[in-house]
Structures are given as C-alpha cells and as structure tokens.
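Scroll down for the structure; my scribbles are underneath it.
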Amino acid sequence: MGFKCGIVGLPNVGKSTLFNALTETQAAQAANYPFCTIEPNVGNVGVPDPRLDKLAAIAGSAKIIPTQLSFVDIAGLVRGASKGEGLGNQFLGNIREVDAVVHVLRCFEDDDIQHVENKVDPIADAETVETELMLADLESLEKRVPAAQKKAAQGDKEAKVTAAVLGRALDLLREGKPARLVTPDGDDEVRIFEQAQLLTSKPVLYVCNVEEAAATEGNAHSARVFEKAKAEGANAVVVSAAIEADIVTMPPEDRGEFLAELGLAEAGLARIIRSGYDLLHLITFFTVGPKEARAWTVEKGARAPQAAGAIHSDFERGFIRAETIAYEDYVALGGEGPAKEAGKLRQEGKDYVVQDGDVLHFRFNV
C-alpha cells in the first residue's frame, strides 16, 4: 500500500547513517557537512514480526515474505527553511509526500562532528524543525482559509467544511501548536484535512541518536526528549546509529551475539520500524500456504474486501468472502486443517473488520 515514513532532522544528526542501516545499503551518502543528501533516498524495509516465522514453520512454507514500510531520507532542514533557506522549499515538499515523520535528534557529544547550531540540544533542534514546518503550514492556511470563508459565505457547502476544519488548524498554528492536534469532525472534514497535506498534521516519532555507551538506557539528552514526547502524546526510541551501522556489516548469524555483548535484546532499527508501523495505525494479516507465508499491511479498521485489495485489486472487486483463522488459534491448534476441524475457521463477509494477526484466505470471482 506504499506507506512512507520520512526521516527528518537538522544536518549532521545521523539521519543518513540511520537510513543506510535501515535499508542495509549505502544508498544515502553520509558525510560530515550539511546537504550531503539533496535528493530524497527511498528504501523499503521488512517489518520484524516473529509471528510470521511461526506460521511458516507450522505450514512448511518454502518462502517467508514480511510486510514492508518505506523510509525516505530527506535532506537536513535548517532555520529559515520555510522561507527557502538551505533548499528549504524542496525539502518541505518531500516531507509533504510522506505519511509520517521520523524525527532524528542528536543526543550525543562529539567535537569531531560539526553541529549546525554549534551546540547539542535535541529539544531546541526539534523546535527548530517543528517551527519551520509550522511556518510553512501557517503561510499556506493564511491564504486558503480566508478564500474558503468567502466562498462559504456565498453558500458553498464544500467551502464551509474546508473553512471549519482548516480554520481550526490555523488557530492552532497561530498558537504555536501543530495541526495534528486537530480532530476532524465527520468524513468530509477527514477527507479535506487529509487532502490539505499539512506538514504538521503528520504523526511524529522521535529517534534519539545516542553514543554507543548509552544505547541501552539512553542519556540525559534522550531523557529530555522522552519527556517532550510524553507531553505531546508522541513516541520516542533510543538508538545508536553507529552501532546500527556496524550491525548491518556483520553476517546475520553474528548479530545476536554482538547485541548481547552490548546488553541489547534487539537492534534499535527493529524498534524504529515497529514504532513507525504503529505510528501509522497499521495492522498485519497473513496468508499462509506451502509455497509462501506472507504478511500484509492494512490500516486499523479495514474491512475484509479492503484487505483483499491489498493483495490484488481483482480480489477486492470480486470479493465473495474471507476464510479467517485467528493467529492464536492457528498456532495453538497446529495449522489450517486442525483449526478447521475445531471449528475455528470462520466464513466472514464484506463487513468483517480485519483483526491484527488474522490468517486469511479470500474467495473471489471476477
């Protein structure tokens, strides 16, 4: 379905290093100077999910295919980006195209790596980027809202809804608050708010890039970021981009021992990927058979035909029913056959809301 998380932050905070590790490539040029990434790099990464391995083992699947997220490495923002400073217009346009923002914050001290503001202050860095995004949104809405209000006064129903929902966003921005705090009222407001593509309407995950010694518990800098995230109702994770970059150069069989020596249960990247997945309110369903076990992505609240459409548009168009087994039942009973015998395979129609972990088989006719 093409869900994208944009990696943003000031220059030299570790964005490109993190992106390289996420995608296990050197697609993004990591260098110690601003704007080393001018064109956004995009990489698809598998979402870690141990349930998929269990299902594949039970079914004897020949292939395992995880569901994926796309990460976009967006060049570093600087103060004044909303006015075009530092290639700002291009960068802001790239952010507008993603579904969620992964905000990387420098939480480590290192005299050898230049900081664009000449100080290490992740809260100030976050506020710099957020301010530029808010200023860009503010400039946009100060033109759009009065125009919508004028049309609404003339009886235009669409303009009335537009003026209402974007007017509330404009009020928030004038108070120095992001547009994501708006709660659209009804389907029309949801549609118009989403179409507006406001930069500050996107959900945010703060990634605290710490030194290697702080990778397990974080440090004083990351603690401040976690307090900020809690106050905003946002999420935050701690990673060491340096460690993550080392891990991806190792053979897979050596990575677990390396992590254990550092006191880490898993790579920080796995937490970022899962947090990004949660940030977008996504769930996973599975298709399982002898040829392959595969994970698929849909938004929470998706109905069975929409899930079928994630596989192929023909499945959605000709949807008849979904044969459904809950993940727990599939594993506990030992596969599709035993689950069916136990009465745990259900026939669900077009109104069925897919649950996270469902094992589905679609019947369709085109």
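By order of appearance in the structure tokens: chains A, B, ..., then residues from 1 within every chain, and ligands from 1 in the order shown.
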So which residues touch Val298 of chain A within 12 Å, counting only C-alpha atoms, skipping near sequence neighbours fewer than 4 positions away, as a VMD selection string? chain A and resid 1 to 3 67 to 69 277 to 278 280 to 286 302 to 311 353 to 358
If you run DSSP on the backbone here, which positions in segment 119-245 of chain A get helix (DSSP H, G or I)? Please write them as a ChimeraX atom specification. /A:122-153,157-174,179-181,187-195,199-201,212-214,220-232,241-245
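Residues in contact with segment 146-148 of chain A at 12 Å, where only C-alpha atoms are counted and same-chain residues fewer than 5 positions away are skipped, are listed as Ser140, Leu141, Ala153, Gln154, Gly155, Asp156, Lys157, Glu158, Ala159, Lys160, Val161, Thr162, Ala163, Ala164, Val165, Leu166, Gly167, Leu170 and Ile192 of chain A.
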Long-range neighbours of Ala342 of chain A as a PDB file with all heavy atoms, in the first residue's frame, 12 Å cut-off, only C-alpha atoms, 2 positions minimum in chain:
```pdb
ATOM      1  N   ILE A 325      -8.873 -17.371  10.244  1.00  0.00           N
ATOM      2  CA  ILE A 325      -8.431 -18.070  11.449  1.00  0.00           C
ATOM      3  C   ILE A 325      -7.612 -17.080  12.267  1.00  0.00           C
ATOM      4  O   ILE A 325      -6.692 -16.458  11.734  1.00  0.00           O
ATOM      5  CB  ILE A 325      -7.566 -19.306  11.131  1.00  0.00           C
ATOM      6  CG1 ILE A 325      -8.285 -20.262  10.185  1.00  0.00           C
ATOM      7  CG2 ILE A 325      -7.165 -20.030  12.427  1.00  0.00           C
ATOM      8  CD1 ILE A 325      -7.411 -21.396   9.681  1.00  0.00           C
ATOM      9  N   ASP A 329      -5.296 -19.168  17.361  1.00  0.00           N
ATOM     10  CA  ASP A 329      -5.906 -20.470  17.090  1.00  0.00           C
ATOM     11  C   ASP A 329      -5.072 -21.270  16.096  1.00  0.00           C
ATOM     12  O   ASP A 329      -4.913 -22.497  16.245  1.00  0.00           O
ATOM     13  CB  ASP A 329      -7.327 -20.281  16.530  1.00  0.00           C
ATOM     14  CG  ASP A 329      -8.291 -19.724  17.561  1.00  0.00           C
ATOM     15  OD1 ASP A 329      -8.058 -19.957  18.764  1.00  0.00           O
ATOM     16  OD2 ASP A 329      -9.268 -19.050  17.165  1.00  0.00           O
ATOM     17  N   TYR A 330      -4.541 -20.606  15.077  1.00  0.00           N
ATOM     18  CA  TYR A 330      -3.724 -21.290  14.068  1.00  0.00           C
ATOM     19  C   TYR A 330      -2.505 -21.941  14.727  1.00  0.00           C
ATOM     20  O   TYR A 330      -2.182 -23.105  14.468  1.00  0.00           O
ATOM     21  CB  TYR A 330      -3.278 -20.282  13.006  1.00  0.00           C
ATOM     22  CG  TYR A 330      -2.677 -20.902  11.764  1.00  0.00           C
ATOM     23  CD1 TYR A 330      -3.419 -21.013  10.586  1.00  0.00           C
ATOM     24  CD2 TYR A 330      -1.362 -21.360  11.751  1.00  0.00           C
ATOM     25  CE1 TYR A 330      -2.873 -21.575   9.438  1.00  0.00           C
ATOM     26  CE2 TYR A 330      -0.801 -21.923  10.621  1.00  0.00           C
ATOM     27  CZ  TYR A 330      -1.560 -22.027   9.457  1.00  0.00           C
ATOM     28  OH  TYR A 330      -1.011 -22.599   8.327  1.00  0.00           O
ATOM     29  N   ALA A 332      -1.987 -22.482  18.129  1.00  0.00           N
ATOM     30  CA  ALA A 332      -2.328 -23.412  19.208  1.00  0.00           C
ATOM     31  C   ALA A 332      -2.800 -24.765  18.679  1.00  0.00           C
ATOM     32  O   ALA A 332      -2.493 -25.811  19.265  1.00  0.00           O
ATOM     33  CB  ALA A 332      -3.405 -22.802  20.105  1.00  0.00           C
ATOM     34  N   LEU A 333      -3.519 -24.739  17.561  1.00  0.00           N
ATOM     35  CA  LEU A 333      -4.091 -25.973  17.019  1.00  0.00           C
ATOM     36  C   LEU A 333      -3.198 -26.643  15.983  1.00  0.00           C
ATOM     37  O   LEU A 333      -3.452 -27.786  15.598  1.00  0.00           O
ATOM     38  CB  LEU A 333      -5.469 -25.675  16.419  1.00  0.00           C
ATOM     39  CG  LEU A 333      -6.517 -25.217  17.450  1.00  0.00           C
ATOM     40  CD1 LEU A 333      -7.754 -24.667  16.756  1.00  0.00           C
ATOM     41  CD2 LEU A 333      -6.895 -26.382  18.370  1.00  0.00           C
ATOM     42  N   GLY A 334      -2.173 -25.931  15.510  1.00  0.00           N
ATOM     43  CA  GLY A 334      -1.216 -26.562  14.616  1.00  0.00           C
ATOM     44  C   GLY A 334      -1.529 -26.462  13.142  1.00  0.00           C
ATOM     45  O   GLY A 334      -1.177 -27.366  12.368  1.00  0.00           O
ATOM     46  N   GLY A 335      -2.190 -25.382  12.719  1.00  0.00           N
ATOM     47  CA  GLY A 335      -2.372 -25.180  11.289  1.00  0.00           C
ATOM     48  C   GLY A 335      -3.819 -25.087  10.858  1.00  0.00           C
ATOM     49  O   GLY A 335      -4.758 -25.174  11.668  1.00  0.00           O
ATOM     50  N   GLU A 336      -3.998 -24.917   9.539  1.00  0.00           N
ATOM     51  CA  GLU A 336      -5.328 -24.688   8.984  1.00  0.00           C
ATOM     52  C   GLU A 336      -6.254 -25.890   9.160  1.00  0.00           C
ATOM     53  O   GLU A 336      -7.415 -25.737   9.565  1.00  0.00           O
ATOM     54  CB  GLU A 336      -5.214 -24.340   7.496  1.00  0.00           C
ATOM     55  CG  GLU A 336      -6.561 -24.072   6.829  1.00  0.00           C
ATOM     56  CD  GLU A 336      -6.415 -23.681   5.371  1.00  0.00           C
ATOM     57  OE1 GLU A 336      -5.357 -23.139   5.000  1.00  0.00           O
ATOM     58  OE2 GLU A 336      -7.370 -23.933   4.596  1.00  0.00           O
ATOM     59  N   GLY A 337      -5.745 -27.094   8.867  1.00  0.00           N
ATOM     60  CA  GLY A 337      -6.581 -28.291   8.962  1.00  0.00           C
ATOM     61  C   GLY A 337      -7.141 -28.508  10.362  1.00  0.00           C
ATOM     62  O   GLY A 337      -8.366 -28.608  10.545  1.00  0.00           O
ATOM     63  N   PRO A 338      -6.282 -28.577  11.372  1.00  0.00           N
ATOM     64  CA  PRO A 338      -6.774 -28.753  12.733  1.00  0.00           C
ATOM     65  C   PRO A 338      -7.686 -27.612  13.189  1.00  0.00           C
ATOM     66  O   PRO A 338      -8.655 -27.845  13.920  1.00  0.00           O
ATOM     67  CB  PRO A 338      -5.487 -28.796  13.572  1.00  0.00           C
ATOM     68  CG  PRO A 338      -4.434 -29.263  12.629  1.00  0.00           C
ATOM     69  CD  PRO A 338      -4.804 -28.674  11.309  1.00  0.00           C
ATOM     70  N   ALA A 339      -7.398 -26.379  12.756  1.00  0.00           N
ATOM     71  CA  ALA A 339      -8.244 -25.247  13.130  1.00  0.00           C
ATOM     72  C   ALA A 339      -9.629 -25.399  12.532  1.00  0.00           C
ATOM     73  O   ALA A 339     -10.647 -25.107  13.177  1.00  0.00           O
ATOM     74  CB  ALA A 339      -7.598 -23.933  12.680  1.00  0.00           C
ATOM     75  N   LYS A 340      -9.697 -25.874  11.301  1.00  0.00           N
ATOM     76  CA  LYS A 340     -10.981 -26.085  10.640  1.00  0.00           C
ATOM     77  C   LYS A 340     -11.781 -27.174  11.351  1.00  0.00           C
ATOM     78  O   LYS A 340     -12.987 -27.026  11.595  1.00  0.00           O
ATOM     79  CB  LYS A 340     -10.762 -26.448   9.181  1.00  0.00           C
ATOM     80  CG  LYS A 340     -12.034 -26.532   8.363  1.00  0.00           C
ATOM     81  CD  LYS A 340     -11.710 -26.761   6.890  1.00  0.00           C
ATOM     82  CE  LYS A 340     -12.992 -26.786   6.048  1.00  0.00           C
ATOM     83  NZ  LYS A 340     -12.680 -26.980   4.603  1.00  0.00           N
ATOM     84  N   LYS A 344     -12.625 -23.432  14.231  1.00  0.00           N
ATOM     85  CA  LYS A 344     -12.017 -22.105  14.395  1.00  0.00           C
ATOM     86  C   LYS A 344     -11.798 -21.381  13.060  1.00  0.00           C
ATOM     87  O   LYS A 344     -11.286 -20.263  13.057  1.00  0.00           O
ATOM     88  CB  LYS A 344     -10.676 -22.236  15.138  1.00  0.00           C
ATOM     89  CG  LYS A 344     -10.816 -22.754  16.565  1.00  0.00           C
ATOM     90  CD  LYS A 344     -11.622 -21.777  17.424  1.00  0.00           C
ATOM     91  CE  LYS A 344     -11.692 -22.241  18.869  1.00  0.00           C
ATOM     92  NZ  LYS A 344     -12.469 -21.300  19.715  1.00  0.00           N
ATOM     93  N   LEU A 345     -12.152 -22.026  11.953  1.00  0.00           N
ATOM     94  CA  LEU A 345     -12.097 -21.341  10.666  1.00  0.00           C
ATOM     95  C   LEU A 345     -13.464 -20.734  10.403  1.00  0.00           C
ATOM     96  O   LEU A 345     -14.467 -21.443  10.338  1.00  0.00           O
ATOM     97  CB  LEU A 345     -11.702 -22.308   9.543  1.00  0.00           C
ATOM     98  CG  LEU A 345     -11.452 -21.691   8.158  1.00  0.00           C
ATOM     99  CD1 LEU A 345     -10.465 -22.543   7.355  1.00  0.00           C
ATOM    100  CD2 LEU A 345     -12.754 -21.539   7.351  1.00  0.00           C
ATOM    101  N   ARG A 346     -13.515 -19.410  10.283  1.00  0.00           N
ATOM    102  CA  ARG A 346     -14.777 -18.698  10.143  1.00  0.00           C
ATOM    103  C   ARG A 346     -14.963 -18.186   8.721  1.00  0.00           C
ATOM    104  O   ARG A 346     -13.991 -17.829   8.053  1.00  0.00           O
ATOM    105  CB  ARG A 346     -14.833 -17.511  11.121  1.00  0.00           C
ATOM    106  CG  ARG A 346     -14.458 -17.871  12.551  1.00  0.00           C
ATOM    107  CD  ARG A 346     -14.650 -16.676  13.485  1.00  0.00           C
ATOM    108  NE  ARG A 346     -14.057 -15.438  13.003  1.00  0.00           N
ATOM    109  CZ  ARG A 346     -12.788 -15.102  13.163  1.00  0.00           C
ATOM    110  NH1 ARG A 346     -11.948 -15.936  13.770  1.00  0.00           N
ATOM    111  NH2 ARG A 346     -12.342 -13.940  12.712  1.00  0.00           N
TER     112      ARG A 346
END
```
Straight-line distance linking atom CA of Pro178 of chain A with atom CA of Ser240 of chain A, stated in Å to one decimal: 28.0 Å
To one decimal place, how far is atom CA of His103 of chain A from atom CA of Val190 of chain A in Å?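 We find that atom CA of His103 of chain A and atom CA of Val190 of chain A lie 24.6 Å from each other.
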Do a neighbour search on Val238 of chain A at 10 Å with only C-alpha atoms, toss out local chain neighbours closer than 3 positions, and write the hits as a list in words. Val104, Leu105, Cys107, Tyr206, Val207, Cys208, Asn209, Val210, Ala214, Ala215, Thr216, Glu217, Gly218, Asn219, Ser222, Ala223, Val225, Phe226, Ala241, Gly268, Leu269, Arg271 and Ile272 of chain A
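Within 6 Å of Leu360 of chain A, once only C-alpha atoms are used and residues closer than 3 positions along the same chain are dropped, the contacting residues are A:Thr287, A:Glu323, A:Thr324.
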